[in-house]
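J.: Below is the file my_file_15.tsv, with TSV, C-alpha atoms.
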```
chain	number	residue	atom	x	y	z
A	18	MET	CA	151.93	-85.41	55.45
A	19	THR	CA	154.88	-85.14	57.81
A	20	GLU	CA	157.56	-87.66	57.00
A	21	TRP	CA	158.48	-90.30	59.52
A	22	PRO	CA	162.05	-90.02	60.81
A	23	LEU	CA	164.82	-92.05	59.24
A	24	TRP	CA	166.35	-95.04	61.05
A	25	GLU	CA	169.56	-96.96	60.39
A	26	ILE	CA	169.13	-100.71	60.49
A	27	PHE	CA	171.67	-103.22	61.80
A	28	ILE	CA	171.12	-106.94	61.47
A	29	ARG	CA	173.01	-109.80	63.01
A	30	SER	CA	173.00	-112.68	60.57
A	31	GLN	CA	172.54	-116.38	61.36
A	32	ASN	CA	176.21	-117.06	61.94
A	33	GLY	CA	177.57	-113.53	62.20
A	34	LEU	CA	178.96	-112.31	65.50
A	35	ALA	CA	178.31	-108.62	65.02
A	36	HIS	CA	175.37	-106.56	63.83
A	37	LYS	CA	176.00	-105.20	60.37
A	38	HIS	CA	174.57	-102.07	58.80
A	39	VAL	CA	172.13	-103.09	56.06
A	40	GLY	CA	170.39	-99.85	55.15
A	41	SER	CA	167.86	-97.35	56.38
A	42	LEU	CA	164.09	-96.86	56.45
A	43	HIS	CA	161.32	-94.61	57.73
A	44	ALA	CA	159.27	-95.31	60.85
A	45	ALA	CA	157.32	-93.32	63.43
A	46	ASP	CA	158.84	-94.98	66.51
A	47	PRO	CA	161.45	-97.62	67.45
A	48	LYS	CA	158.91	-100.44	67.63
A	49	MET	CA	157.67	-99.68	64.13
A	50	ALA	CA	161.26	-99.37	62.93
A	51	ILE	CA	162.00	-102.91	64.12
A	52	GLU	CA	158.86	-104.28	62.47
A	53	ASN	CA	159.58	-102.44	59.23
A	54	ALA	CA	163.17	-103.68	59.31
A	55	ARG	CA	161.86	-107.21	59.67
A	56	ASP	CA	159.67	-106.72	56.61
A	57	VAL	CA	162.16	-104.84	54.46
A	58	TYR	CA	165.52	-106.38	55.40
A	59	ALA	CA	164.84	-109.76	57.01
A	60	ARG	CA	162.22	-111.34	54.76
A	61	ARG	CA	164.54	-114.03	53.50
A	62	ASN	CA	165.72	-115.41	56.78
A	63	GLU	CA	168.69	-113.05	56.94
A	64	GLY	CA	168.87	-112.41	60.61
A	65	ILE	CA	168.42	-113.39	64.22
A	66	SER	CA	168.64	-109.93	65.79
A	67	ILE	CA	167.82	-106.36	64.75
A	68	TRP	CA	169.11	-103.05	66.05
A	69	VAL	CA	167.60	-99.74	65.00
A	70	VAL	CA	169.17	-96.32	65.57
A	71	ARG	CA	167.71	-92.97	64.66
A	72	SER	CA	169.82	-91.61	61.81
A	73	ALA	CA	169.81	-88.24	63.58
A	74	ASP	CA	171.63	-89.84	66.53
A	75	LEU	CA	174.53	-91.03	64.42
A	76	TYR	CA	177.67	-88.92	64.25
A	77	ALA	CA	179.76	-89.69	61.23
A	78	SER	CA	183.32	-88.75	60.31
A	79	ASP	CA	183.62	-86.03	57.72
A	80	PRO	CA	184.78	-87.44	54.35
A	81	GLU	CA	187.11	-84.41	54.08
A	82	ASP	CA	188.93	-85.57	57.23
A	83	LYS	CA	189.82	-88.81	55.56
A	84	GLY	CA	193.45	-87.86	55.04
A	85	THR	CA	194.02	-86.65	58.58
A	86	LEU	CA	192.26	-89.57	60.18
A	87	PHE	CA	193.43	-92.51	58.17
A	88	ASP	CA	196.53	-91.72	56.11
A	89	PRO	CA	199.02	-91.78	59.06
A	90	ALA	CA	198.25	-95.49	59.58
A	91	LYS	CA	199.24	-96.36	56.05
A	92	ASN	CA	203.04	-96.39	56.49
A	93	LYS	CA	203.13	-98.24	59.80
A	94	VAL	CA	203.51	-101.76	58.59
A	95	TYR	CA	204.73	-102.91	62.02
A	96	ARG	CA	201.16	-102.57	63.27
A	97	HIS	CA	200.13	-105.47	61.10
A	98	PRO	CA	200.83	-108.97	62.41
A	99	THR	CA	202.77	-110.00	59.33
A	100	PHE	CA	206.20	-110.60	60.90
A	101	TYR	CA	205.44	-113.93	62.51
A	102	HIS	CA	206.28	-117.32	61.13
A	103	VAL	CA	203.21	-119.50	61.22
A	104	PRO	CA	204.22	-123.01	62.22
A	105	PRO	CA	203.20	-125.42	59.47
A	106	GLU	CA	201.11	-127.56	61.86
A	107	THR	CA	198.89	-124.57	62.71
A	108	LYS	CA	195.69	-124.89	60.80
A	109	HIS	CA	192.55	-122.81	60.47
A	110	LEU	CA	194.35	-119.54	61.16
B	18	MET	CA	144.16	-159.76	65.60
B	19	SER	CA	144.60	-157.10	63.00
B	20	GLU	CA	142.63	-153.90	62.99
B	21	PRO	CA	140.24	-153.53	60.06
B	22	ILE	CA	141.79	-151.22	57.50
B	23	ALA	CA	140.01	-147.90	57.54
B	24	VAL	CA	138.83	-146.98	54.08
B	25	PRO	CA	138.93	-143.17	53.74
B	26	GLN	CA	135.44	-141.86	53.15
B	27	PRO	CA	134.80	-138.63	51.30
B	28	ASP	CA	134.16	-136.33	54.22
B	29	GLN	CA	132.02	-133.41	53.10
B	30	SER	CA	132.20	-131.54	56.40
B	31	ARG	CA	135.94	-131.76	56.68
B	32	PHE	CA	136.26	-130.65	53.07
B	33	ASP	CA	134.03	-127.64	53.81
B	34	PHE	CA	136.03	-126.88	56.93
B	35	ALA	CA	139.36	-126.90	55.06
B	36	LEU	CA	137.84	-124.91	52.22
B	37	ARG	CA	136.61	-122.17	54.58
B	38	LEU	CA	140.07	-121.78	56.06
B	39	ALA	CA	141.56	-121.70	52.56
B	40	ASP	CA	139.05	-119.15	51.28
B	41	ASN	CA	139.48	-116.87	54.31
B	42	CYS	CA	143.22	-116.76	53.68
B	43	LEU	CA	142.97	-116.40	49.90
B	44	VAL	CA	140.36	-113.63	49.88
B	45	LEU	CA	142.03	-111.60	52.62
B	46	GLY	CA	145.39	-112.10	50.90
B	47	GLN	CA	143.90	-110.84	47.65
B	48	ARG	CA	142.40	-107.79	49.39
B	49	LEU	CA	145.72	-106.91	51.02
B	50	ALA	CA	147.53	-107.41	47.72
B	51	GLU	CA	145.41	-104.56	46.33
B	52	TRP	CA	147.60	-102.28	48.49
B	53	CYS	CA	150.68	-103.30	46.52
B	54	GLY	CA	152.34	-100.09	45.32
B	55	ARG	CA	149.76	-97.94	47.13
B	56	GLY	CA	150.78	-98.29	50.78
B	57	PRO	CA	150.95	-95.08	52.84
B	58	GLU	CA	154.73	-95.50	53.11
B	59	LEU	CA	157.10	-97.82	51.27
B	60	GLU	CA	157.74	-99.73	54.51
B	61	GLU	CA	154.04	-100.24	55.22
B	62	ASP	CA	153.47	-101.27	51.63
B	63	MET	CA	156.04	-104.03	52.18
B	64	ALA	CA	154.44	-105.04	55.50
B	65	LEU	CA	150.94	-105.35	54.02
B	66	THR	CA	152.09	-107.30	50.99
B	67	ASN	CA	154.26	-109.58	53.16
B	68	ILE	CA	151.15	-110.40	55.16
B	69	ALA	CA	149.23	-110.93	51.92
B	70	LEU	CA	151.88	-113.42	50.78
B	71	ASP	CA	151.81	-115.24	54.13
B	72	LEU	CA	148.04	-115.61	53.79
B	73	ILE	CA	148.19	-116.80	50.19
B	74	GLY	CA	150.83	-119.34	51.23
B	75	GLN	CA	148.55	-120.58	54.00
B	76	ALA	CA	145.63	-120.70	51.54
B	77	GLN	CA	147.71	-122.93	49.30
B	78	LEU	CA	148.27	-125.43	52.13
B	79	TRP	CA	144.58	-125.48	53.06
B	80	PHE	CA	143.59	-125.87	49.40
B	81	GLU	CA	145.93	-128.81	49.05
B	82	TYR	CA	144.26	-130.48	52.01
B	83	ALA	CA	140.78	-129.60	50.70
B	84	SER	CA	141.77	-131.06	47.34
B	85	GLU	CA	142.68	-134.37	49.03
B	86	LEU	CA	139.22	-134.45	50.62
B	87	ASP	CA	137.29	-133.27	47.57
B	88	ALA	CA	134.71	-135.75	46.26
B	89	GLN	CA	135.09	-134.10	42.85
B	90	GLN	CA	138.89	-134.44	43.06
B	91	ARG	CA	139.61	-130.87	42.00
B	92	SER	CA	143.21	-129.64	42.32
B	93	ALA	CA	144.22	-126.81	44.68
B	94	ASP	CA	144.50	-124.45	41.70
B	95	ALA	CA	141.10	-125.47	40.37
B	96	LEU	CA	139.55	-124.74	43.77
B	97	ALA	CA	141.11	-121.28	43.86
B	98	PHE	CA	140.58	-120.22	40.26
B	99	PHE	CA	137.65	-122.14	38.81
B	100	ARG	CA	134.95	-121.73	41.41
B	101	ASP	CA	132.36	-119.00	41.13
B	102	GLN	CA	131.60	-116.40	43.78
B	103	ASN	CA	128.73	-118.38	45.35
B	104	GLU	CA	131.03	-121.39	45.84
B	105	PHE	CA	133.45	-119.44	48.02
B	106	ARG	CA	133.14	-120.20	51.74
B	107	ASN	CA	135.03	-117.29	53.32
B	108	VAL	CA	133.51	-115.15	56.06
B	109	LEU	CA	132.07	-111.81	54.93
B	110	LEU	CA	134.61	-109.84	56.98
B	111	VAL	CA	137.61	-110.73	54.81
B	112	GLU	CA	135.96	-109.71	51.53
B	113	GLN	CA	135.12	-106.17	52.71
B	114	PRO	CA	136.82	-103.56	50.50
B	115	ASN	CA	140.00	-101.83	51.68
B	116	HIS	CA	138.34	-98.41	51.65
B	117	ASP	CA	141.10	-96.60	53.57
B	118	PHE	CA	144.03	-97.60	55.76
B	119	GLY	CA	141.89	-97.45	58.92
B	120	TYR	CA	139.37	-99.91	57.43
B	121	THR	CA	142.12	-102.21	56.23
B	122	ILE	CA	143.76	-102.25	59.65
B	123	THR	CA	140.46	-102.78	61.47
B	124	ARG	CA	139.45	-105.64	59.19
B	125	GLN	CA	142.89	-107.14	59.73
B	126	PHE	CA	142.76	-106.67	63.50
B	127	TYR	CA	139.33	-108.30	63.83
B	128	PHE	CA	140.44	-111.19	61.65
B	129	ASP	CA	143.97	-111.60	63.08
B	130	SER	CA	142.59	-111.74	66.64
B	131	PHE	CA	140.20	-114.50	65.56
B	132	HIS	CA	142.75	-116.30	63.39
B	133	TYR	CA	145.33	-116.32	66.20
B	134	LEU	CA	142.90	-117.82	68.72
B	135	LEU	CA	141.64	-120.37	66.21
B	136	LEU	CA	145.11	-121.57	65.13
B	137	ASN	CA	146.19	-121.67	68.76
B	138	GLU	CA	143.53	-124.38	69.23
B	139	LEU	CA	143.96	-126.08	65.85
B	140	VAL	CA	147.57	-126.99	66.70
B	141	ALA	CA	145.96	-129.52	69.10
B	142	SER	CA	143.45	-130.82	66.52
B	143	THR	CA	142.74	-134.56	66.26
B	144	ASP	CA	143.35	-134.16	62.51
B	145	GLN	CA	147.05	-134.49	61.78
B	146	ARG	CA	146.92	-132.47	58.56
B	147	VAL	CA	145.10	-129.62	60.31
B	148	ARG	CA	147.70	-129.70	63.08
B	149	GLY	CA	150.60	-129.54	60.65
B	150	ILE	CA	149.28	-126.58	58.67
B	151	SER	CA	148.25	-124.71	61.80
B	152	GLU	CA	151.66	-125.06	63.43
B	153	MET	CA	153.26	-123.45	60.42
B	154	ALA	CA	150.65	-120.71	60.09
B	155	PHE	CA	150.52	-119.85	63.78
B	156	LYS	CA	153.89	-118.08	63.91
B	157	GLU	CA	153.03	-115.97	60.88
B	158	VAL	CA	149.67	-115.02	62.29
B	159	ALA	CA	151.22	-114.09	65.64
B	160	TYR	CA	153.18	-111.48	63.70
B	161	HIS	CA	150.12	-110.32	61.74
B	162	LEU	CA	148.29	-109.74	65.01
B	163	ARG	CA	151.22	-107.83	66.45
B	164	HIS	CA	151.29	-105.61	63.37
B	165	SER	CA	147.57	-104.84	63.26
B	166	THR	CA	147.36	-104.36	67.05
B	167	ALA	CA	150.18	-101.81	66.97
B	168	TRP	CA	148.38	-99.89	64.23
B	169	VAL	CA	145.03	-99.93	66.03
B	170	CYS	CA	146.77	-98.34	69.02
B	171	ARG	CA	148.66	-95.83	66.90
B	172	LEU	CA	145.63	-94.71	64.92
B	173	GLY	CA	143.24	-94.75	67.89
B	174	ASP	CA	145.60	-92.85	70.15
B	175	GLY	CA	147.02	-90.74	67.32
B	176	THR	CA	145.58	-87.57	65.82
B	177	ALA	CA	141.93	-86.51	65.96
B	178	GLU	CA	141.60	-87.45	62.29
B	179	SER	CA	143.16	-90.92	62.66
B	180	HIS	CA	141.02	-91.56	65.74
B	181	ARG	CA	137.83	-90.54	63.95
B	182	ARG	CA	138.56	-92.68	60.91
B	183	ILE	CA	139.48	-95.87	62.72
B	184	GLN	CA	136.54	-95.50	65.09
B	185	GLN	CA	134.32	-95.26	62.01
B	186	ALA	CA	135.85	-98.43	60.58
B	187	ILE	CA	135.44	-100.23	63.92
B	188	SER	CA	131.72	-99.44	63.95
B	189	ASP	CA	131.14	-100.14	60.25
B	190	LEU	CA	132.90	-103.51	60.24
B	191	TRP	CA	131.50	-104.67	63.57
B	192	CYS	CA	128.47	-106.34	61.96
B	193	TYR	CA	130.79	-108.81	60.20
B	194	THR	CA	132.47	-110.08	63.37
B	195	GLY	CA	129.55	-112.23	64.58
B	196	GLU	CA	129.90	-114.63	61.67
B	197	LEU	CA	133.42	-115.60	62.78
B	198	PHE	CA	131.88	-117.31	65.80
B	199	ALA	CA	128.46	-118.34	64.47
B	200	PRO	CA	128.61	-122.14	64.27
B	201	ASP	CA	126.69	-124.14	61.67
B	202	THR	CA	126.49	-127.91	61.15
B	203	VAL	CA	130.05	-128.05	59.75
B	204	ASP	CA	131.47	-126.27	62.81
B	205	ALA	CA	129.40	-128.45	65.15
B	206	GLU	CA	130.67	-131.60	63.50
B	207	MET	CA	134.29	-130.43	63.62
B	208	PHE	CA	133.90	-129.64	67.32
B	209	ARG	CA	132.26	-133.02	67.97
B	210	ASP	CA	135.25	-134.79	66.36
B	211	ARG	CA	137.67	-132.47	68.18
B	212	VAL	CA	139.08	-131.30	64.87
B	213	ALA	CA	138.28	-127.69	65.79
B	214	PRO	CA	137.40	-125.79	68.97
B	215	ASP	CA	134.06	-124.59	70.23
B	216	LEU	CA	133.61	-121.22	68.53
B	217	SER	CA	131.40	-119.74	71.24
B	218	ARG	CA	134.19	-120.24	73.77
B	219	LEU	CA	136.63	-118.48	71.44
B	220	GLN	CA	134.22	-115.59	71.08
B	221	ILE	CA	134.38	-114.79	74.80
B	222	ILE	CA	138.18	-114.63	74.72
B	223	TRP	CA	138.16	-112.67	71.47
B	224	LEU	CA	135.76	-110.06	72.79
B	225	HIS	CA	137.80	-109.63	75.94
B	226	GLN	CA	141.06	-109.17	74.00
B	227	VAL	CA	139.63	-106.84	71.37
B	228	ASN	CA	138.04	-104.73	74.07
B	229	SER	CA	141.25	-104.46	76.06
B	230	ILE	CA	143.16	-103.22	72.96
B	231	PHE	CA	140.38	-100.72	72.21
B	232	LYS	CA	140.67	-99.40	75.75
B	233	GLN	CA	144.43	-98.91	75.34
B	234	ALA	CA	143.79	-97.20	72.02
B	235	THR	CA	141.07	-94.92	73.50
B	236	LEU	CA	138.51	-96.50	71.15
B	237	GLN	CA	134.92	-97.57	71.80
B	238	LEU	CA	133.63	-101.11	71.36
B	239	PRO	CA	130.46	-100.81	69.23
B	240	GLU	CA	127.01	-101.52	70.66
B	241	SER	CA	125.58	-104.96	69.90
B	242	ILE	CA	123.85	-104.85	66.57
B	243	TRP	CA	122.44	-107.23	63.99
B	244	MET	CA	125.24	-109.47	62.74
B	245	GLN	CA	125.55	-110.30	59.04
B	246	THR	CA	126.10	-113.95	58.17
B	247	GLY	CA	126.08	-116.13	55.05
B	248	GLY	CA	129.65	-116.00	53.77
B	249	LYS	CA	130.49	-119.45	55.13
B	250	GLN	CA	127.52	-120.81	53.15
B	251	GLY	CA	128.36	-118.95	49.94
B	252	ALA	CA	126.13	-115.84	50.18
B	253	HIS	CA	128.54	-112.95	49.57
B	254	GLY	CA	128.26	-109.20	49.22
B	255	GLU	CA	128.42	-107.30	45.96
B	256	SER	CA	132.10	-106.38	46.21
B	257	MET	CA	133.04	-110.07	46.23
B	258	GLY	CA	132.26	-110.53	42.53
B	259	TYR	CA	134.81	-107.90	41.53
B	260	LEU	CA	137.45	-109.47	43.77
B	261	VAL	CA	136.86	-112.95	42.33
B	262	GLY	CA	136.80	-111.56	38.78
B	263	GLU	CA	140.12	-109.79	39.17
B	264	MET	CA	141.73	-112.72	40.95
B	265	GLN	CA	140.64	-115.36	38.44
B	266	PHE	CA	140.67	-113.63	35.07
B	267	LEU	CA	144.16	-114.60	33.99
B	268	ARG	CA	143.71	-118.25	34.87
B	269	ARG	CA	140.34	-118.35	33.19
B	270	ILE	CA	141.61	-116.78	29.97
B	271	TYR	CA	144.70	-119.01	29.90
B	272	PRO	CA	143.55	-122.15	31.72
B	273	ASP	CA	146.62	-124.13	30.69
B	274	ALA	CA	149.17	-121.45	31.57
B	275	GLN	CA	152.27	-122.78	33.34
B	276	TRP	CA	155.13	-121.02	35.09
```
Would it be possible to restate this file's structure as structure tokens?

T.:
Amino acid sequence: MTEWPLWEIFIRSQNGLAHKHVGSLHAADPKMAIENARDVYARRNEGISIWVVRSADLYASDPEDKGTLFDPAKNKVYRHPTFYHVPPETKHL
Amino acid sequence: MSEPIAVPQPDQSRFDFALRLADNCLVLGQRLAEWCGRGPELEEDMALTNIALDLIGQAQLWFEYASELDAQQRSADALAFFRDQNEFRNVLLVEQPNHDFGYTITRQFYFDSFHYLLLNELVASTDQRVRGISEMAFKEVAYHLRHSTAWVCRLGDGTAESHRRIQQAISDLWCYTGELFAPDTVDAEMFRDRVAPDLSRLQIIWLHQVNSIFKQATLQLPESIWMQTGGKQGAHGESMGYLVGEMQFLRRIYPDAQW
């Protein structure tokens, strides 16, 4: 039996703003992938929207490039908004 | 002037009606549960057992209502686990063995199409309890129908082998579809009291919808043949005894078992 292609599943939760990667599954076509995602990842009322993407269509960064890609940001503290005084009356920040 | 207080009468027909709905859901749920761990793919295994759980949940609600109407005052559990095969009132279609995936999907498609149309009418029932249960079940069944319809199309319009096998299932199970719409005195009484719809009207819509999906799926609607009946009155096929035996054995061996 030929295996169904792999799909990556993204679910937007009840009060979440963005779709979040929750896992992957097999399905023959996008419609089936959405239905399978509903059954595998949204059985307990987890979501209000589902995105499916063929795993083959995802390009990922190479773990070996980690140093080159991310290390230069480490010593640039001025990029973080930590130099402001928050006025005491500002709440819910 | 005050209205005379209505004393609830044991209503045998309404009890039978609720029991048939309960038994349809329970028996089909049990059949689907047999796929647990044996689905063609992990994802489809989950889908089939999710549907099984939906149906068993619906059965529980119908059993609770039947229990309220039962002259013998049996509990929902007693109705499910301490009746014998000939006391079950499900249609013959739902007890048919799984056989292969094509049979399972065809059985499901025939039943889901019927179940969807029926619940769509029961949400307007004059019986408040029937309305409440149907509203809850309707959304689940809309998904069941979507699932089985998609598979009928995929298998019918798939490979030569999948086409051949589902076409075989469509022909073999066809003789159990007539009973879904064959009214007896219980159905007539429920229609008279506007608890349930006229089944012969549903049949016309059902046939039209099933046929249009078969056309999309490049499948043939079977010729009219002799239709099997009797399930709704308690006359079941030989595979039903095994299903009931497996479903009830634990409860019968440990009748006082509690969670």

J.: So that I can check the surroundings of Phe105 of chain B, please list as a CSV table (one decimal) with C-alpha atoms, in the frame of the given file every protein, DNA and RNA residue that reaches within 10 Å of it, counting only C-alpha atoms and ignoring chain neighbours fewer than 6 positions away.

T.:
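The new file selection.csv reads:
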```
chain,number,residue,atom,x,y,z
B,36,LEU,CA,137.8,-124.9,52.2
B,37,ARG,CA,136.6,-122.2,54.6
B,39,ALA,CA,141.6,-121.7,52.6
B,40,ASP,CA,139.0,-119.2,51.3
B,41,ASN,CA,139.5,-116.9,54.3
B,44,VAL,CA,140.4,-113.6,49.9
B,96,LEU,CA,139.6,-124.7,43.8
B,97,ALA,CA,141.1,-121.3,43.9
B,248,GLY,CA,129.6,-116.0,53.8
B,249,LYS,CA,130.5,-119.4,55.1
B,250,GLN,CA,127.5,-120.8,53.2
B,251,GLY,CA,128.4,-119.0,49.9
B,252,ALA,CA,126.1,-115.8,50.2
B,253,HIS,CA,128.5,-113.0,49.6
B,257,MET,CA,133.0,-110.1,46.2
B,261,VAL,CA,136.9,-113.0,42.3
```

J.: At a cut-off of 10 Å, which residues of chain A touch chain B? Count only C-alpha atoms and give the answer as a PyMOL selection string.

T.: chain A and resi 20-21+42-45+48-50+52-57+60

J.: Find the residue from A:Ile65, A:Gly40, A:Ser72, A:Lys108 that sits nearest to Pro22 of chain A; use all atoms listed in the file when measuring.

T.: A:Ser72

J.: Could you tell me how far atom CA of Arg124 of chain B sits from atom CA of Leu110 of chain B, in Å to one decimal place?

T.: 6.8 Å

J.: Mind giving me the straight-line distance from atom CA of Asp33 of chain B to atom CA of Gln265 of chain B in Å, one decimal?

T.: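 Atom CA of Gln265 of chain B lies 20.8 Å from atom CA of Asp33 of chain B.
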
J.: To one decimal place in Å, what is the distance between atom CA of Phe118 of chain B and atom CA of Thr176 of chain B?

T.: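 So the answer is 14.3 Å.
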
J.: From the options A:Arg61, A:Asp46, A:Val69, A:Ile51, which residue's atoms come nearest to Phe27 of chain A, counting only C-alpha atoms?

T.: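 Residue with the minimum atom-to-atom distance to Phe27 of chain A: A:Val69.
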
J.: Could you check which of B:Ile122, B:Ala50, B:Leu190, B:Leu38 is closest to Phe80 of chain B, using all atoms listed in the file?

T.: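 Closest candidate: B:Leu38.
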
J.: Fewer than 3 positions away in the same chain doesn't count, so skip those; otherwise give me all residues within 10 Å of segment 193-195 of chain B, counting all atoms listed in the file, as number ranges by chain.

T.: B: 108-111, 113, 124, 127-128, 131, 189-190, 198-200, 220, 224, 241-246, 248

J.: So which one's closest to Gly64 of chain A, A:Pro104, A:Asn92, A:Leu23, A:His36? Using all atoms listed in the file, please.

T.: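 Closest residue, counting all atoms listed in the file: A:His36.
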